[in-house]
Amino acid sequence: MYSGLDNSAGLRVSDFDPITLAGGTRTEVLPGAIQPHAALLALAPADLTIIHAAGATASLLGAAADLLPGTAASSVFSSDQIARLQTLAAAERAIERPQHVFTLSAPDATPIDVVVHHASGLLVVELDPRREPAPENSLALVQSMIRRVRPAPNLQAFFDSMAAELRNVTGFDRVMVYRFAPEGSADVIAEARDPDASPFLGLRDPQPDIPHRPGPASRIRVQPDVHAPAAPLVPAQSPRSGTALDLSFSAIRSCSPEHRLYLAQLGVAASLSLSLVVEGEVWGLIVCHHGTPRFLPYRMREACALFAEMASLQLEARLAADQLAARLRSTRIHEELVTRMSQESDLAEGLIRFYPNLLDFIPAAGVGLWIDGQFTGIGATPGPAQVAAMMGWLHGVAHDGVYHTDCLALAYPPAKAFAGCASGLLALSLSNTPHNYVLWFRPEVVRVVTWAGMPNKPVGVGADGSRTPKGCASSWQESVRLHGEPWLDAEIDAAHRLRESLLDVVLRRIDGIARERRSAQLLQEQLMRQVELGLSRSKDVAKTLQEEKRRRVLVEADLSKVLRRTVEDQEAERLRIARELHDTLGQSLTLLQLGFDKLGQAAGDNPELQQRIAEMKSLTADVGRQANRLAWEIRPTALDDLGIQTAIQNLLDSWSEKSSIEFDLHMTLGSRRLPSPVETTLYRVLQEALTNVVRHASARHVSVILQLGDDQVTMIVEDDGCGFVTAGHKQPSGRLGLLGIRERLTLVGGSLEIESR
């Protein structure tokens, strides 16, 4: 790497640079200054009075910056431009990202891009003169750039294509793709450069061009001339609010003097940096360097920013695809492992028996189990004593069930002794009491990192009061020890998922191991005493069981008698009610009909009275029919007088009239009569079955088969309805209708079989 120290000879850090120095670190706040080739006006939205001014207002607007605050914007803009600015100032939604509003012409005829945004309650107007041609169609340019980088077959080719495409479009001497390291530095992973420029590929930059933080303020940073002194805002603080103007979203804000000095020492005269954002976090940068000043026009910079955003989406999709592939692979092994573990009686033996699954699930050099204070390991692992000491430390470390580090010695210094096999640790907690773990180990990987400047060099102050940057210009190599391969997010997520699954399968088993071992001896003694006591009581228990069996038989016999008597009484009462309805109420209704007939004869030619009598006769006839139907349903006389066959035929005819179901009847009883209790039971069972079919089955056709064998009668009811779910061969006991059927059949020595399919 070349130093370019001569290029920074005239560059010093001015006093307005707000950099906090603390032990060699810095907290950067955007300085209250802009790039000197452009101009800025901050206007009060209410009346467009100029509050702040900065930059080349004299050459671009014809008035010095220190003379403009307090004057009206109409003194430098036309009436049409003022009307446009008034509309933007009164907008309901604040304009955060700079928006191009119109173009001016400088006194020397240079076109000026005017962009605006809101900040600190003011309308910020930025004037950026075009010193290079702007693209005619920025969107078409970005689309063509994306089309050329999209076909890249892998991530490295994608990064190389991004760097080459951006260099081809912008013409910068060097375009690099940076990836942020966890501590905030950035590695150069791709580069497109001029053949005469020294390579930066593979270097680690301790001070990347954009802070490692997300947000629209850091999406693009441009420094067209690092040697040009920044132009401060006038005044530095608003006279109305007493606060400084926020330049976070400014398109022409100046970089910090420290960063400009750093670029100058690298031999860089102009730079452009673009954020690569993945899932809302800054993943890396696209950084452009040039050996001479470069003034990219606003539209070219916006095209580059849009290209970076589109490339970020492509990058996010490619990373997500890689993560998905890794997740699918781990999911397959995860499911196989959990399935096997659920069948194991001993967790430790099961996990050790299937240790290749654990090493395939999360790649490592070794895997071990710490179960009940005992360590079992496979592959390259520390010794049992070393693991036991480490467990005492790990128990006190706060974690969410999965602890991981790629530098164990940094968190646990004794780990230096076994860094060769365990510089990286991923520990999966299986239980809290006792503390049991699955442990994956990764060995030390010695790396040589080439830094673009010494990373730990503090910011200094020279004899003349100037500050020196954090890194030096020359490359500096560092040997990194005691680190293993970092654990990927997908691997850590897989460990969390495995922990949840294992806890579901074996948590109770693991928690019970310690208690079972402690109580094993006590349980054995108790069992011996219980065996002796059981032997002495066995005879008493046998006698008790025999007596209990005898009592149960008596109780069941009594219950059967009560149930039989209840059914008989119920049927007798049904018969009595049916006869009362048929004989007494039927005769009364017949006499009432005759009375109405005589009353009609006596009424003569009175039409109104004749109509009333006719209505009463019709009502009486309807009541008679209802009474006959009710009497038949309660206890059909055909069952007692003509037998089960006629009664069933009448029942099916009745259901056929009331529903749209087609009924078939097949009987092979001949002229034989069955015992009255059996006929009554069969009739009631058929009644309940048909009721269930009509109400619930949505059937179109029902077949009833009644056949008589040598010593038994069988009735089969079939329908083409939807059926219902049965819970085994005994059920469904929760259905009261079926329960009543079973009880009735039991009284006459019958049984019920259901085939719902």
# chains A, B, ... in the order shown; residues from 1 in each chain; ligands from 1
call {"tool": "residues_around", "arguments": {"residues": "Ala422 of chain A", "least_positions_apart": "6", "cutoff": "8 Å", "atoms": "only C-alpha atoms", "output": "ChimeraX atom specification"}}
result
/A:380-382,408,415,441-444,484
call {"tool": "select_by_dssp", "arguments": {"residues": "segment 26-180 of chain A", "states": "strand (DSSP E)", "output": "count of residues only"}}
result
47
call {"tool": "residues_around", "arguments": {"residues": "Ala39 of chain A", "least_positions_apart": "4", "cutoff": "9 Å", "atoms": "only C-alpha atoms", "output": "PyMOL selection string"}}
result
chain A and resi 34-35+53-57+60-61+65+125-129+231+252
call {"tool": "select_by_dssp", "arguments": {"residues": "segment 283-405 of chain A", "states": "helix (DSSP H, G or I)", "output": "PyMOL selection string"}}
result
chain A and resi 298-342+347-353+355-361+384-394
call {"tool": "closest_residue", "arguments": {"among": "A:Leu498, A:Met162, A:Ala251, A:Ala409", "to": "Glu96 of chain A", "atoms": "only C-alpha atoms"}}
result
A:Ala251
call {"tool": "residues_around", "arguments": {"residues": "Leu123 of chain A", "least_positions_apart": "4", "cutoff": "8 Å", "atoms": "only C-alpha atoms", "output": "ChimeraX atom specification"}}
result
/A:42-45,89,116-119
call {"tool": "residues_around", "arguments": {"residues": "segment 673-681 of chain A", "least_positions_apart": "4", "cutoff": "7 Å", "atoms": "only C-alpha atoms", "output": "tab-separated table (two decimals) with N, CA, C and O atoms, in the first residue's frame"}}
result
chain	number	residue	atom	x	y	z
A	643	GLY	N	-98.08	-58.00	15.68
A	643	GLY	CA	-96.71	-58.47	15.77
A	643	GLY	C	-95.69	-57.47	15.24
A	643	GLY	O	-96.01	-56.42	14.70
A	644	ILE	N	-94.43	-57.84	15.40
A	644	ILE	CA	-93.31	-56.95	15.10
A	644	ILE	C	-93.22	-56.59	13.63
A	644	ILE	O	-92.88	-55.47	13.27
A	685	VAL	N	-85.56	-50.04	19.58
A	685	VAL	CA	-84.22	-49.84	19.01
A	685	VAL	C	-84.32	-49.27	17.60
A	685	VAL	O	-83.60	-48.35	17.21
A	744	ARG	N	-81.34	-51.50	26.84
A	744	ARG	CA	-82.53	-52.28	26.48
A	744	ARG	C	-82.13	-53.66	25.94
A	744	ARG	O	-82.73	-54.68	26.29
A	745	LEU	N	-81.10	-53.66	25.06
A	745	LEU	CA	-80.68	-54.94	24.50
A	745	LEU	C	-80.12	-55.87	25.57
A	745	LEU	O	-80.29	-57.10	25.50
A	748	VAL	N	-82.65	-58.18	27.30
A	748	VAL	CA	-83.18	-59.35	26.59
A	748	VAL	C	-82.03	-60.19	26.03
A	748	VAL	O	-82.22	-60.97	25.09
call {"tool": "atom_distance", "arguments": {"atom1": "atom CA of Ser161 of chain A", "atom2": "atom CA of Ser144 of chain A"}}
result
12.7 Å
call {"tool": "atom_distance", "arguments": {"atom1": "atom CA of Gln626 of chain A", "atom2": "atom CA of Met667 of chain A"}}
result
29.6 Å
call {"tool": "residues_around", "arguments": {"residues": "Asp597 of chain A", "least_positions_apart": "4", "cutoff": "9 Å", "atoms": "only C-alpha atoms", "output": "list in words"}}
result
Leu592, Gln593, Gln601, Ala602, Ile613, Ala614 and Lys617 of chain A
call {"tool": "write_last_selection", "arguments": {"atoms": "N, CA, C and O atoms", "output": "PDB file, in the first residue's frame"}}
result
ATOM      1  N   LEU A 592    -118.171 -35.633  19.478  1.00  0.00           N
ATOM      2  CA  LEU A 592    -118.122 -34.190  19.192  1.00  0.00           C
ATOM      3  C   LEU A 592    -118.401 -33.938  17.713  1.00  0.00           C
ATOM      4  O   LEU A 592    -119.115 -32.985  17.365  1.00  0.00           O
ATOM      5  N   GLN A 593    -117.926 -34.822  16.849  1.00  0.00           N
ATOM      6  CA  GLN A 593    -118.206 -34.698  15.419  1.00  0.00           C
ATOM      7  C   GLN A 593    -119.701 -34.837  15.160  1.00  0.00           C
ATOM      8  O   GLN A 593    -120.292 -34.072  14.384  1.00  0.00           O
ATOM      9  N   GLN A 601    -127.330 -29.139  11.212  1.00  0.00           N
ATOM     10  CA  GLN A 601    -128.689 -29.295  10.712  1.00  0.00           C
ATOM     11  C   GLN A 601    -129.610 -28.266  11.353  1.00  0.00           C
ATOM     12  O   GLN A 601    -130.529 -27.745  10.712  1.00  0.00           O
ATOM     13  N   ALA A 602    -129.370 -28.001  12.658  1.00  0.00           N
ATOM     14  CA  ALA A 602    -130.240 -27.046  13.364  1.00  0.00           C
ATOM     15  C   ALA A 602    -129.944 -25.606  12.956  1.00  0.00           C
ATOM     16  O   ALA A 602    -130.773 -24.731  13.147  1.00  0.00           O
ATOM     17  N   ILE A 613    -119.315 -23.830  12.077  1.00  0.00           N
ATOM     18  CA  ILE A 613    -119.479 -25.245  12.438  1.00  0.00           C
ATOM     19  C   ILE A 613    -118.542 -26.102  11.591  1.00  0.00           C
ATOM     20  O   ILE A 613    -117.930 -27.058  12.092  1.00  0.00           O
ATOM     21  N   ALA A 614    -118.398 -25.755  10.305  1.00  0.00           N
ATOM     22  CA  ALA A 614    -117.493 -26.524   9.440  1.00  0.00           C
ATOM     23  C   ALA A 614    -116.043 -26.409   9.928  1.00  0.00           C
ATOM     24  O   ALA A 614    -115.286 -27.384   9.917  1.00  0.00           O
ATOM     25  N   LYS A 617    -115.637 -28.613  12.949  1.00  0.00           N
ATOM     26  CA  LYS A 617    -115.587 -30.025  12.571  1.00  0.00           C
ATOM     27  C   LYS A 617    -114.195 -30.371  12.003  1.00  0.00           C
ATOM     28  O   LYS A 617    -113.648 -31.439  12.318  1.00  0.00           O
TER      29      LYS A 617
END
call {"tool": "residues_around", "arguments": {"residues": "segment 80-86 of chain A", "least_positions_apart": "5", "cutoff": "8 Å", "atoms": "only C-alpha atoms", "output": "list in words"}}
result
Pro45, Leu48, Ala73, Ser74, Val101 and Phe102 of chain A
